[in-house]
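Before any comments, here is the structure.
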Amino acid sequence: QVQLVESGGGLVQAGGSLRLSCTASGRTFSSYTMGWFRQAPGKEREFVARISWGTSSTYYADSVKGRFTISRDNAKNTVYLQMNSLKPEDTAVYYCAAGAQTYDYWGQGTQVTVSS
């Protein structure tokens, strides 16, 4: 069983930065792929970024490529999402997810609001 807790959301002006953190409980964090997703009001949840457990290879949605960076610290059971050059369209609830083959575990989400 893995429990995920996100933090770091808030209100920021367009062009600003935020760093989200997701801390996991459970002994197998290092064996999971970790992902970030987001859901804006009235829209479906969408993929943002992921990082693999073995090689720490990363993959990003086109909408955030070059602006967001995902990283992980297995010793701290934490995955990060550094968000730069934020845009109003990045406003959403951001969720952390973890899993081996599928995303089996989800956090409660943290609100990110970008003002224009």
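Chain labels run A, B, ... following the order of the structure tokens; each chain numbers its residues from 1, and ligands are numbered from 1 in the order shown.
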
Could you list, as number ranges by chain, every residue within 12 Å of Trp36 (chain A), counting only C-alpha atoms and ignoring same-chain residues fewer than 2 positions away?
A: 4, 6, 20-22, 33-34, 38-39, 45-51, 58-61, 64, 68-72, 79-83, 92-99, 103, 105-110

When you look at Val114 (chain A) with a cut-off of 12 Å (counting only C-alpha atoms), what residues show up, excluding the ones that are within fewer than 3 positions of it in the same chain? I need them as a list of chain:residue names.
A:Gly9, A:Gly10, A:Leu11, A:Val12, A:Gln13, A:Ala14, A:Gly15, A:Gly16, A:Ser17, A:Leu18, A:Ala40, A:Met83, A:Asn84, A:Ser85, A:Leu86, A:Lys87, A:Pro88, A:Glu89, A:Asp90, A:Thr91, A:Ala92, A:Val93, A:Gln111

Could you check how far CA of Phe29 (chain A) sits from CA of Thr55 (chain A), in Å to one decimal?
14.1 Å

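Closest approach to Gly26 (chain A) among A:Ser115, A:Gln101, A:Ser56, A:Thr78 is made by A:Thr78 (distances from only C-alpha atoms).
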
Would you please give, as a count of residues only, all residues of chain A that DSSP assigns to strand (DSSP E or B) based on the backbone?
61

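Of the residues listed (A:Tyr32, A:Ser7, A:Ala24, A:Phe37), A:Tyr32 shows the shortest atom-to-atom separation from Asp104 (chain A); distances use only C-alpha atoms.
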
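Each of A:Lys65, A:Ala100, A:Thr113, A:Gly8 was compared to Gly35 (chain A) using only C-alpha atoms, and A:Ala100 turns out to be the nearest.
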
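Here CA of Thr102 (chain A) and CA of Ser57 (chain A) stand 16.5 Å from one another.
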